[in-house]
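One file, upload19.txt, is given below (compact mmCIF, C-alpha atoms).
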# COMPACT_ATOMS: atom_id res chain seq x y z
CA MET A 1 -92.11 264.67 103.61
CA ARG A 2 -92.02 268.35 104.29
CA GLU A 3 -89.00 270.26 103.10
CA GLY A 4 -86.71 271.24 105.89
CA ALA A 5 -87.90 268.44 108.22
CA PRO A 6 -85.05 267.22 110.43
CA ARG A 7 -83.26 264.13 109.14
CA SER A 8 -83.53 262.46 112.53
CA SER A 9 -87.34 262.16 112.17
CA TRP A 10 -86.79 259.81 109.23
CA ILE A 11 -85.22 257.36 111.61
CA THR A 12 -87.16 258.12 114.77
CA ARG A 13 -90.70 257.52 113.57
CA PRO A 14 -90.16 254.16 111.90
CA ALA A 15 -88.01 253.13 114.84
CA ILE A 16 -90.76 254.01 117.27
CA ALA A 17 -93.31 252.12 115.19
CA LEU A 18 -91.05 249.08 115.07
CA CYS A 19 -90.53 249.22 118.82
CA LEU A 20 -94.26 249.37 119.42
CA VAL A 21 -94.83 246.37 117.20
CA LEU A 22 -92.12 244.38 118.95
CA LEU A 23 -93.49 245.37 122.34
CA SER A 24 -96.99 244.23 121.45
CA ILE A 25 -95.63 240.90 120.24
CA LEU A 26 -93.71 240.51 123.48
CA VAL A 27 -96.73 241.31 125.62
CA THR A 28 -98.92 238.93 123.66
CA SER A 29 -96.43 236.13 124.07
CA LEU A 30 -96.31 236.71 127.81
CA VAL A 31 -100.06 236.06 128.17
CA SER A 32 -100.29 232.55 129.47
CA ALA A 33 -101.81 229.90 127.28
CA ALA A 34 -103.91 229.00 130.31
CA THR A 35 -106.10 232.02 129.66
CA GLN A 36 -106.87 230.58 126.25
CA LEU A 37 -108.87 227.88 127.99
CA SER A 38 -111.67 230.33 128.79
CA GLY A 39 -114.88 229.15 127.23
CA LEU A 40 -113.56 225.66 126.57
CA PRO A 41 -114.33 222.45 128.47
CA ALA A 42 -111.98 222.12 131.43
CA PRO A 43 -109.47 219.34 130.71
CA ASP A 44 -110.29 216.38 132.91
CA PHE A 45 -107.75 214.93 135.27
CA VAL A 46 -107.40 212.64 138.27
CA LEU A 47 -104.88 213.19 141.05
CA LYS A 48 -104.22 211.79 144.47
CA SER A 49 -105.07 214.05 147.37
CA LEU A 50 -103.02 214.39 150.52
CA SER A 51 -105.71 212.45 152.37
CA GLY A 52 -105.04 209.49 150.07
CA GLU A 53 -108.15 209.50 147.93
CA ASN A 54 -108.13 209.92 144.18
CA LEU A 55 -110.18 212.85 142.94
CA ARG A 56 -111.37 213.28 139.35
CA LEU A 57 -112.44 216.71 138.12
CA SER A 58 -115.31 215.42 135.99
CA GLU A 59 -116.96 213.95 139.08
CA TYR A 60 -117.64 217.49 140.23
CA ARG A 61 -119.88 218.15 137.24
CA GLY A 62 -122.89 220.04 138.49
CA GLN A 63 -120.79 222.03 140.95
CA VAL A 64 -118.86 225.22 140.55
CA VAL A 65 -115.17 224.42 140.96
CA ILE A 66 -112.03 226.50 141.39
CA VAL A 67 -108.81 224.68 140.56
CA THR A 68 -105.88 226.62 141.88
CA PHE A 69 -102.29 225.78 141.05
CA TRP A 70 -99.66 226.50 143.70
CA ALA A 71 -96.36 225.46 145.21
CA THR A 72 -94.89 225.60 148.70
CA TRP A 73 -92.12 227.98 147.63
CA CYS A 74 -94.62 230.52 146.24
CA GLY A 75 -95.50 233.09 148.91
CA ASP A 76 -98.40 234.64 147.00
CA CYS A 77 -99.84 231.17 146.52
CA ARG A 78 -99.85 230.45 150.22
CA ALA A 79 -101.56 233.75 150.97
CA GLN A 80 -104.17 233.07 148.35
CA LEU A 81 -104.85 229.59 149.65
CA SER A 82 -105.65 230.97 153.07
CA GLU A 83 -108.04 233.48 151.53
CA PHE A 84 -109.67 230.71 149.53
CA ASP A 85 -110.26 228.92 152.80
CA ALA A 86 -112.68 231.68 153.80
CA LEU A 87 -114.32 231.47 150.39
CA HIS A 88 -114.75 227.72 150.76
CA ASP A 89 -116.32 228.16 154.18
CA SER A 90 -118.80 230.75 152.97
CA TYR A 91 -120.05 228.48 150.19
CA GLN A 92 -119.68 225.29 152.14
CA ASP A 93 -123.32 224.26 151.87
CA ASP A 94 -123.60 225.14 148.22
CA ASP A 95 -122.55 223.24 145.12
CA PHE A 96 -119.03 224.57 145.26
CA GLU A 97 -115.63 222.96 145.59
CA LEU A 98 -112.05 224.12 145.64
CA LEU A 99 -109.16 221.94 144.50
CA ALA A 100 -105.62 223.05 145.26
CA VAL A 101 -103.16 221.41 142.87
CA SER A 102 -99.60 221.48 144.10
CA LEU A 103 -96.69 221.33 141.68
CA ASP A 104 -94.15 220.43 144.37
CA GLN A 105 -91.88 217.51 143.71
CA ASN A 106 -91.29 216.83 147.38
CA TRP A 107 -94.26 215.10 149.01
CA SER A 108 -92.97 215.59 152.55
CA GLU A 109 -92.53 219.33 152.10
CA LEU A 110 -95.98 219.57 150.60
CA LYS A 111 -97.53 217.59 153.43
CA LYS A 112 -95.81 219.77 156.01
CA THR A 113 -96.94 223.02 154.38
CA ALA A 114 -100.48 221.80 153.88
CA THR A 115 -100.67 220.81 157.53
CA GLU A 116 -99.50 224.26 158.55
CA LEU A 117 -102.05 225.93 156.30
CA ASP A 118 -104.80 223.63 157.57
CA LEU A 119 -106.96 224.00 154.51
CA SER A 120 -110.59 222.96 154.49
CA TYR A 121 -110.49 221.79 150.87
CA PRO A 122 -108.54 219.02 149.11
CA THR A 123 -104.90 219.43 148.16
CA LEU A 124 -103.86 217.36 145.16
CA HIS A 125 -100.34 216.44 144.21
CA ASP A 126 -99.30 216.88 140.58
CA ALA A 127 -95.84 215.41 141.00
CA ASP A 128 -95.36 214.60 137.31
CA LEU A 129 -96.65 218.05 136.26
CA VAL A 130 -99.12 216.37 133.93
CA VAL A 131 -102.08 218.50 134.96
CA SER A 132 -100.13 221.74 134.99
CA LYS A 133 -99.08 221.02 131.40
CA LEU A 134 -102.66 220.23 130.53
CA TYR A 135 -103.65 223.68 131.76
CA ASP A 136 -100.52 225.36 130.36
CA VAL A 137 -99.59 226.81 133.72
CA ASN A 138 -96.51 228.99 133.26
CA SER A 139 -96.73 231.07 136.40
CA MET A 140 -98.25 230.83 139.86
CA PRO A 141 -100.68 231.19 141.41
CA VAL A 142 -103.19 230.45 138.68
CA SER A 143 -106.85 229.89 139.51
CA VAL A 144 -109.25 228.34 137.04
CA LEU A 145 -112.96 228.97 137.59
CA ILE A 146 -115.13 226.18 136.18
CA ASP A 147 -118.89 226.30 135.88
CA ARG A 148 -121.44 223.59 136.60
CA ASP A 149 -121.28 222.28 133.03
CA GLY A 150 -117.54 221.77 133.21
CA PHE A 151 -116.55 224.80 131.13
CA VAL A 152 -113.73 227.15 132.05
CA ARG A 153 -115.28 230.53 132.76
CA GLU A 154 -112.22 232.42 133.81
CA VAL A 155 -108.51 231.96 134.39
CA VAL A 156 -107.10 234.33 136.99
CA GLU A 157 -103.35 234.75 136.98
CA ASP A 158 -103.09 237.87 139.08
CA HIS A 159 -103.53 236.81 142.68
CA ARG A 160 -104.77 240.27 143.58
CA ARG A 161 -107.72 239.75 141.27
CA ALA A 162 -108.42 236.40 142.84
CA ARG A 163 -108.80 237.92 146.28
CA GLY A 164 -111.78 238.31 148.51
CA GLN A 165 -115.05 239.77 147.32
CA SER A 166 -114.36 239.70 143.58
CA MET A 167 -113.87 235.95 143.49
CA SER A 168 -116.73 235.44 145.89
CA ASP A 169 -118.98 237.44 143.60
CA ARG A 170 -117.92 235.40 140.59
CA VAL A 171 -118.62 232.15 142.39
CA GLY A 172 -121.99 233.47 143.53
CA GLU A 173 -122.92 234.36 139.95
CA LEU A 174 -122.06 230.91 138.68
CA LEU A 175 -123.93 229.23 141.50
CA GLY A 176 -126.96 231.20 140.46
CA ASP A 177 -126.67 229.99 136.85
CA TRP A 178 -128.69 226.82 137.19
CA MET B 1 -161.68 222.28 134.28
CA LYS B 2 -163.17 220.74 131.12
CA LEU B 3 -166.70 221.49 132.38
CA ILE B 4 -165.80 225.13 133.00
CA LYS B 5 -164.28 225.44 129.52
CA SER B 6 -167.26 223.81 127.81
CA GLY B 7 -169.56 226.10 129.80
CA MET B 8 -167.62 229.10 128.58
CA VAL B 9 -167.80 227.85 124.99
CA LEU B 10 -171.58 227.43 125.30
CA ALA B 11 -171.84 230.93 126.71
CA ALA B 12 -169.84 232.28 123.79
CA ALA B 13 -172.11 230.42 121.39
CA TRP B 14 -175.14 231.90 123.19
CA VAL B 15 -173.70 235.38 122.77
CA SER B 16 -172.88 234.91 119.10
CA GLN B 17 -176.37 233.54 118.43
CA PHE B 18 -177.97 236.64 119.74
CA ALA B 19 -175.37 239.09 118.45
CA ALA B 20 -177.35 239.70 115.24
CA GLY B 21 -180.12 241.39 117.19
CA GLN B 22 -182.26 238.42 118.11
CA THR B 23 -184.16 238.82 121.31
CA LEU B 24 -183.52 236.66 124.28
CA PRO B 25 -186.15 234.19 125.43
CA ASP B 26 -188.39 235.36 128.23
CA GLY B 27 -186.65 235.37 131.56
CA ALA B 28 -183.25 234.84 130.03
CA GLU B 29 -180.46 237.19 130.86
CA PRO B 30 -177.71 238.21 128.45
CA VAL B 31 -174.32 236.59 129.05
CA PRO B 32 -171.86 239.18 130.36
CA GLU B 33 -169.24 240.24 127.85
CA PHE B 34 -166.29 239.22 129.98
CA LEU B 35 -167.64 235.64 130.20
CA ALA B 36 -167.95 235.42 126.44
CA SER B 37 -164.43 236.67 125.91
CA GLN B 38 -163.11 234.22 128.53
CA ALA B 39 -164.82 231.37 126.68
CA LEU B 40 -163.16 232.36 123.43
CA ALA B 41 -159.80 232.72 125.18
CA ALA B 42 -160.21 229.27 126.77
CA GLU B 43 -160.82 227.75 123.38
CA SER B 44 -157.66 229.30 121.94
CA VAL B 45 -155.60 228.27 125.01
CA GLY B 46 -156.80 224.69 124.61
CA GLY B 47 -155.57 224.79 121.02
CA ASP B 48 -152.18 226.18 122.09
CA GLU B 49 -151.75 223.45 124.66
CA ALA B 50 -152.35 220.76 122.07
CA ASP B 51 -149.79 222.38 119.77
CA PHE B 52 -147.30 222.60 122.61
CA ARG B 53 -147.75 218.94 123.47
CA SER B 54 -147.19 217.81 119.91
CA LEU B 55 -144.12 220.03 119.65
CA ASP B 56 -142.77 218.56 122.87
CA THR B 57 -143.30 215.05 121.53
CA GLU B 58 -141.48 215.94 118.34
CA ILE B 59 -138.56 217.34 120.30
CA GLN B 60 -138.33 214.20 122.42
CA ASP B 61 -138.35 212.05 119.28
CA LEU B 62 -135.61 214.18 117.78
CA LYS B 63 -133.53 213.83 120.93
CA GLY B 64 -133.88 210.06 120.74
CA LEU B 65 -132.78 210.08 117.10
CA VAL B 66 -129.76 212.24 117.90
CA LEU B 67 -128.70 209.89 120.69
CA GLU B 68 -129.01 206.87 118.42
CA LEU B 69 -127.00 208.60 115.73
CA ASN B 70 -124.34 209.56 118.26
CA ARG B 71 -124.07 205.95 119.40
CA ASP B 72 -123.78 204.68 115.82
CA LEU B 73 -121.08 207.23 115.05
CA PHE B 74 -119.16 206.22 118.14
CA LEU B 75 -119.25 202.55 117.14
CA LEU B 76 -118.20 203.39 113.61
CA GLU B 77 -115.32 205.50 114.88
CA GLU B 78 -114.17 202.66 117.09
CA GLU B 79 -114.29 200.20 114.19
CA LEU B 80 -112.28 202.53 111.98
CA LEU B 81 -109.64 203.45 114.56
CA PHE B 82 -109.33 199.97 116.04
CA PRO B 83 -110.01 197.39 113.34
CA ALA B 84 -110.78 193.89 114.54
CA ASN B 85 -107.58 192.32 113.20
CA THR B 86 -105.41 194.48 115.50
CA GLN B 87 -107.83 195.44 118.27
CA VAL B 88 -107.04 194.67 121.90
CA SER B 89 -109.37 195.65 124.74
CA ILE B 90 -108.43 195.32 128.38
CA PHE B 91 -111.13 195.44 131.05
CA VAL B 92 -111.06 195.64 134.83
CA SER B 93 -113.63 193.98 137.04
CA MET B 94 -113.91 193.64 140.80
CA ASP B 95 -115.69 191.31 143.14
CA VAL B 96 -114.22 192.27 146.48
CA GLY B 97 -115.45 193.17 149.88
CA GLU B 98 -112.93 192.77 152.59
CA PHE B 99 -109.42 192.08 151.43
CA PHE B 100 -108.47 194.75 148.94
CA GLY B 101 -109.09 198.46 148.42
CA LEU B 102 -108.12 199.31 144.86
CA ASP B 103 -106.14 202.46 144.21
CA SER B 104 -104.67 202.10 140.73
CA VAL B 105 -103.95 199.67 137.94
CA GLN B 106 -100.94 199.88 135.67
CA ILE B 107 -100.60 197.77 132.54
CA GLN B 108 -97.59 197.02 130.38
CA LEU B 109 -97.57 195.22 127.08
CA ASP B 110 -94.24 193.80 125.92
CA ASP B 111 -92.47 196.04 128.49
CA LYS B 112 -94.19 199.14 127.19
CA ASN B 113 -96.45 201.16 129.52
CA LEU B 114 -99.96 201.26 128.17
CA ALA B 115 -101.96 202.81 130.98
CA ASN B 116 -101.78 203.88 134.60
CA TYR B 117 -105.27 204.51 135.91
CA LEU B 118 -106.18 205.97 139.30
CA TYR B 119 -109.60 204.87 140.53
CA THR B 120 -111.85 207.22 142.49
CA SER B 121 -114.18 205.99 145.21
CA ARG B 122 -117.15 206.43 142.89
CA GLU B 123 -115.53 204.31 140.21
CA ILE B 124 -114.62 201.61 142.70
CA ASP B 125 -118.19 201.57 143.94
CA ALA B 126 -119.36 201.06 140.37
CA LEU B 127 -116.90 198.19 139.90
CA VAL B 128 -117.97 196.51 143.11
CA ARG B 129 -121.59 196.78 142.02
CA GLY B 130 -120.77 194.77 138.92
CA GLY B 131 -119.50 197.38 136.51
CA VAL B 132 -116.67 196.64 134.12
CA HIS B 133 -114.18 199.33 133.17
CA GLN B 134 -112.52 199.39 129.75
CA LEU B 135 -109.03 200.31 130.85
CA TYR B 136 -107.39 200.17 127.43
CA LEU B 137 -108.37 199.99 123.79
CA GLY B 138 -105.63 199.87 121.22
CA ASN B 139 -103.98 198.17 118.28
CA VAL B 140 -101.50 195.35 118.53
CA ARG B 141 -99.80 193.42 115.76
CA ALA B 142 -100.47 189.73 115.32
CA GLY B 143 -98.25 187.33 117.23
CA GLU B 144 -97.14 186.53 120.77
CA HIS B 145 -97.39 189.19 123.43
CA GLU B 146 -96.96 189.50 127.18
CA LEU B 147 -99.27 191.58 129.31
CA VAL B 148 -98.32 192.60 132.85
CA ALA B 149 -100.87 194.15 135.18
CA ILE B 150 -99.84 195.78 138.46
CA PHE B 151 -102.52 196.38 141.06
CA THR B 152 -101.90 198.93 143.82
CA GLY B 153 -104.12 199.49 146.80
CA THR B 154 -104.76 198.64 150.43
CA GLY B 155 -104.59 195.03 151.47
CA PRO B 156 -105.57 193.16 154.60
CA HIS B 157 -104.98 195.04 157.85
CA ALA B 158 -104.98 198.34 155.93
CA ARG B 159 -101.46 197.80 154.66
CA ASP B 160 -100.18 199.01 151.31
CA TYR B 161 -100.57 196.30 148.75
CA ARG B 162 -98.99 195.89 145.34
CA ARG B 163 -99.34 192.80 143.22
CA GLY B 164 -98.67 191.89 139.62
CA ALA B 165 -100.22 189.38 137.27
CA THR B 166 -98.98 188.27 133.85
CA LEU B 167 -100.62 186.85 130.77
CA SER B 168 -98.98 185.64 127.58
CA PHE B 169 -101.36 185.60 124.66
CA GLU B 170 -101.44 185.09 120.94
CA LYS B 171 -102.98 187.90 118.90
CA GLY B 172 -104.79 186.45 115.93
CA ILE B 173 -107.14 187.82 113.32
CA GLY B 174 -110.11 188.73 115.49
CA PRO B 175 -110.31 191.26 118.32
CA LYS B 176 -108.77 190.26 121.64
CA TYR B 177 -110.53 190.89 124.93
CA ILE B 178 -108.63 190.55 128.18
CA GLU B 179 -110.07 190.84 131.67
CA LEU B 180 -108.19 191.87 134.80
CA SER B 181 -110.23 190.43 137.62
CA ILE B 182 -109.88 191.26 141.31
CA SER B 183 -111.69 189.07 143.81
CA ASP B 184 -111.58 187.80 147.38
CA ARG B 185 -110.03 184.44 148.09
CA GLN B 186 -111.72 183.47 151.31
CA GLN B 187 -109.55 180.44 152.02
CA ALA B 188 -106.35 182.44 152.09
CA LEU B 189 -107.99 185.64 153.39
CA GLN B 190 -106.21 187.44 150.58
CA PRO B 191 -107.27 189.17 147.38
CA GLU B 192 -106.80 187.32 144.11
CA PHE B 193 -105.70 188.93 140.84
CA VAL B 194 -106.35 187.09 137.62
CA VAL B 195 -105.63 188.10 134.03
CA ARG B 196 -107.58 186.08 131.50
CA GLU B 197 -108.80 186.17 127.93
CA TRP B 198 -112.44 186.29 127.02
CA GLU B 199 -113.25 183.55 124.58
As C-alpha cells, please, write out the structure in this file.
Amino acid sequence: MREGAPRSSWITRPAIALCLVLLSILVTSLVSAATQLSGLPAPDFVLKSLSGENLRLSEYRGQVVIVTFWATWCGDCRAQLSEFDALHDSYQDDDFELLAVSLDQNWSELKKTATELDLSYPTLHDADLVVSKLYDVNSMPVSVLIDRDGFVREVVEDHRRARGQSMSDRVGELLGDW
Amino acid sequence: MKLIKSGMVLAAAWVSQFAAGQTLPDGAEPVPEFLASQALAAESVGGDEADFRSLDTEIQDLKGLVLELNRDLFLLEEELLFPANTQVSIFVSMDVGEFFGLDSVQIQLDDKNLANYLYTSREIDALVRGGVHQLYLGNVRAGEHELVAIFTGTGPHARDYRRGATLSFEKGIGPKYIELSISDRQQALQPEFVVREWE
C-alpha cells in the first residue's frame, strides 16, 4: 500500500469486491434450473388435455415441439399464447406441435380462459404440478423448445425473447435439421 | 454398365501395350487419352464401391451386436434390481370394442399407491391390437397381499365409468405375474374387469 493512501480505501475496495461476489452468487441462483435442461433429453410426461385426450410428449418424437408453461393469472402468459397461435398456424403443415401446460389448480377457470383464448393447439392441465417440477419451472411463462430427437434445444424464460420472428426462426431452423 | 467398364479397361490395356513405342496394327487408330484415363478411373471406382459395401456390412453387423448387447444388459439389470424371489410384475391387456374406452388405470398394493397410468390413444390402439403393457415392476416381500386395480374411462352410452377389481395373492419364492384384463361381456352389454395371476 502506498504511503499516504486514505484509510477509507482499505475498507472500500475489499467491500466492493465482496459485494460483487455476493451479487454474482445471487444472480446465478436466480437463473432457473429449467435452463439447465438445455442439451438434455426432454423429460417425458403425459397429461390430460382440455379436450379429454391424454397426450404424451414422447409420442411427438420426430416433430419439433414447444412446451410452454402458463397460468390463467399470468398476463404475459396469455399474451404469449396468442402469439404462439400465429406461430402454430404458420407451421401447421409441418412437423411442429405446441403444447400449453397450465399450472392452474382450478379446472373451470382454466377451461373458461382457454375457451376465451381459442387456441389452435392443445392445452394440458398439470393440476398436481408434477410436470412443472420435472422441468423446474420457477417463473412464468417458460417455453421449452424441443427438437425432433427429443432433446431440449432452448429454454426461454423471457417472454419478449419468445415473441414473433425470433421463435419462428428457431422453429424453422430445427425443422430444417432432418 | 459392366460392359462399358470392361470396354474401358480393354482400351486402357490397349494404350498401355502400345505405350512403349510399339506401332499400331494397320488400320488401327490410337485410343484417345481421355478414354484410357476413364477406364483407369472406372477400375478404381469399382474397387472403392466394393470397399464401401464391405464397410457397410461391417457397420450393420456392429449395430446388430450393439443391440444384442443392449438387450442383454437390460435383462441383467432387471434381474439384479428385481430378483425373482421378490419380483412382482403387473400387466394390462385389453380385448374391447364397444363397451369401454380406457382412460387410466390406478393400482394399489396393500393400500399403497403403486401406479397411476394415463393411456394415450396410440397406447390404447396397441392394447386393442393385442399388445400387453407392463404397468408395474417392483419388489414385494413374501406373504399375503391384496392388489386393487381401478379402471377409469368411458362406459356404455359415453358415460364416465370407474370400476375396481381386487385380487388377494400369496407371494412365494418365484416371480409373480398378474394380469389386469379388460374385455367386453356381450351378455350384459358391459365391460368386464378381471385381475388374475399368470401360472
Review point. Can you list, as a VMD selection string, every protein, DNA or RNA residue that comes within 6 Å of Pro175 in chain B when you count all atoms listed in the file, leaving out same-chain residues fewer than 4 positions away?
Key: chain B and resid 84 to 85 87 to 88
Exercise for review: Write out as a PyMOL selection string every residue belonging to chain B that has an atom at most 12 Å from any atom of chain A, counting all atoms listed in the file.
Suggested key: chain B and resi 101-104+116-124+153-154+160
Check your understanding: Between CA of His133 in chain B and CA of Thr152 in chain B, what is the spacing in Å?
Key ->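 Computing it gives 16.3 Å between the two atoms.
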Review point. Could you work out how far CA of Val96 in chain B lies from CA of Ser181 in chain B, giving the answer in Å with one decimal?
Key: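 It comes out at 9.9 Å.
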Review point. Got a sec: who's within 8 Å of range 68-85 of chain A, counting all atoms listed in the file, leaving out chain neighbours fewer than 5 positions off, as number ranges by chain?
Key: A: 98-104, 109-110, 113, 117, 119-121, 132, 137, 140-144, 159, 162-164
Deliver the residues from the most recent selection as a file, using C-alpha atoms, as a short mmCIF file (atom, residue, chain, number, x, y, z; two decimals), in the coordinates of the input.
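Generated output (selection-v6.cif):
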data_model
loop_
_atom_site.label_atom_id
_atom_site.label_comp_id
_atom_site.auth_asym_id
_atom_site.auth_seq_id
_atom_site.Cartn_x
_atom_site.Cartn_y
_atom_site.Cartn_z
CA LEU A 98 -112.05 224.12 145.64
CA LEU A 99 -109.16 221.94 144.50
CA ALA A 100 -105.62 223.05 145.26
CA VAL A 101 -103.16 221.41 142.87
CA SER A 102 -99.60 221.48 144.10
CA LEU A 103 -96.69 221.33 141.68
CA ASP A 104 -94.15 220.43 144.37
CA GLU A 109 -92.53 219.33 152.10
CA LEU A 110 -95.98 219.57 150.60
CA THR A 113 -96.94 223.02 154.38
CA LEU A 117 -102.05 225.93 156.30
CA LEU A 119 -106.96 224.00 154.51
CA SER A 120 -110.59 222.96 154.49
CA TYR A 121 -110.49 221.79 150.87
CA SER A 132 -100.13 221.74 134.99
CA VAL A 137 -99.59 226.81 133.72
CA MET A 140 -98.25 230.83 139.86
CA PRO A 141 -100.68 231.19 141.41
CA VAL A 142 -103.19 230.45 138.68
CA SER A 143 -106.85 229.89 139.51
CA VAL A 144 -109.25 228.34 137.04
CA HIS A 159 -103.53 236.81 142.68
CA ALA A 162 -108.42 236.40 142.84
CA ARG A 163 -108.80 237.92 146.28
CA GLY A 164 -111.78 238.31 148.51
#
Practice item. For CA of Leu167 in chain B and CA of Leu189 in chain B, determine how far apart the two atoms are, in Å to one decimal place. Key: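 So the answer is 23.8 Å.
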**Study point:** Protein/DNA/RNA residues near (-106.1, 181.0, 118.7), cut 12 Å, only C-alpha atoms, as a PyMOL selection string
**Key:** chain B and resi 142-144+169-176+197-199
**Study point:** Protein and nucleic acid residues near (-103.9, 203.0, 132.7) (cut-off 7 Å, all atoms listed in the file) as a list in words
**Key:** Val105, Gln106, Ile107, Leu114, Ala115, Asn116, Tyr117, Leu135 and Tyr136 of chain B
Exercise for review: Considering all atoms listed in the file, state which residue in the set A:Tyr91, A:Trp107, A:Tyr135, A:Phe151 is at the smallest distance from Leu50 in chain A.
Suggested key: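 Checking each of A:Tyr91, A:Trp107, A:Tyr135, A:Phe151 against Leu50 in chain A, counting all atoms listed in the file, the winner is A:Trp107.
Nearest to Glu146 in chain B of all the residues B:Ser183, B:Asn113, B:Gln134, B:Gln108 is B:Gln108, counting all atoms listed in the file.
Distance check against Ser89 in chain B using all atoms listed in the file: of B:Ile178, B:Leu109, B:Val128, B:Ala158, the minimum falls on B:Ile178.
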How big is the axis-aligned box around the listed atoms of range 86-89 of chain A once 3 Å is added on each side, and where is its centre? Give both in Å to one decimal, as AutoDock Vina command-line options.
--center_x -114.5 --center_y 229.7 --center_z 152.3 --size_x 9.6 --size_y 10.0 --size_z 9.8
Point to revise | Neighbour list for Phe96 in chain A as a PyMOL selection string, cut-off 6 Å, only C-alpha atoms, skip fewer than 4 positions in-chain | key: chain A and resi 63-65
Would you save the residues from that selection as a PDB file, in the coordinates of the input, using C-alpha atoms?
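As a result, again_12.pdb now contains:
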ATOM      1  CA  GLN A  63    -120.790 222.030 140.950  1.00  0.00           C
ATOM      2  CA  VAL A  64    -118.860 225.220 140.550  1.00  0.00           C
ATOM      3  CA  VAL A  65    -115.170 224.420 140.960  1.00  0.00           C
TER       4      VAL A  65
END
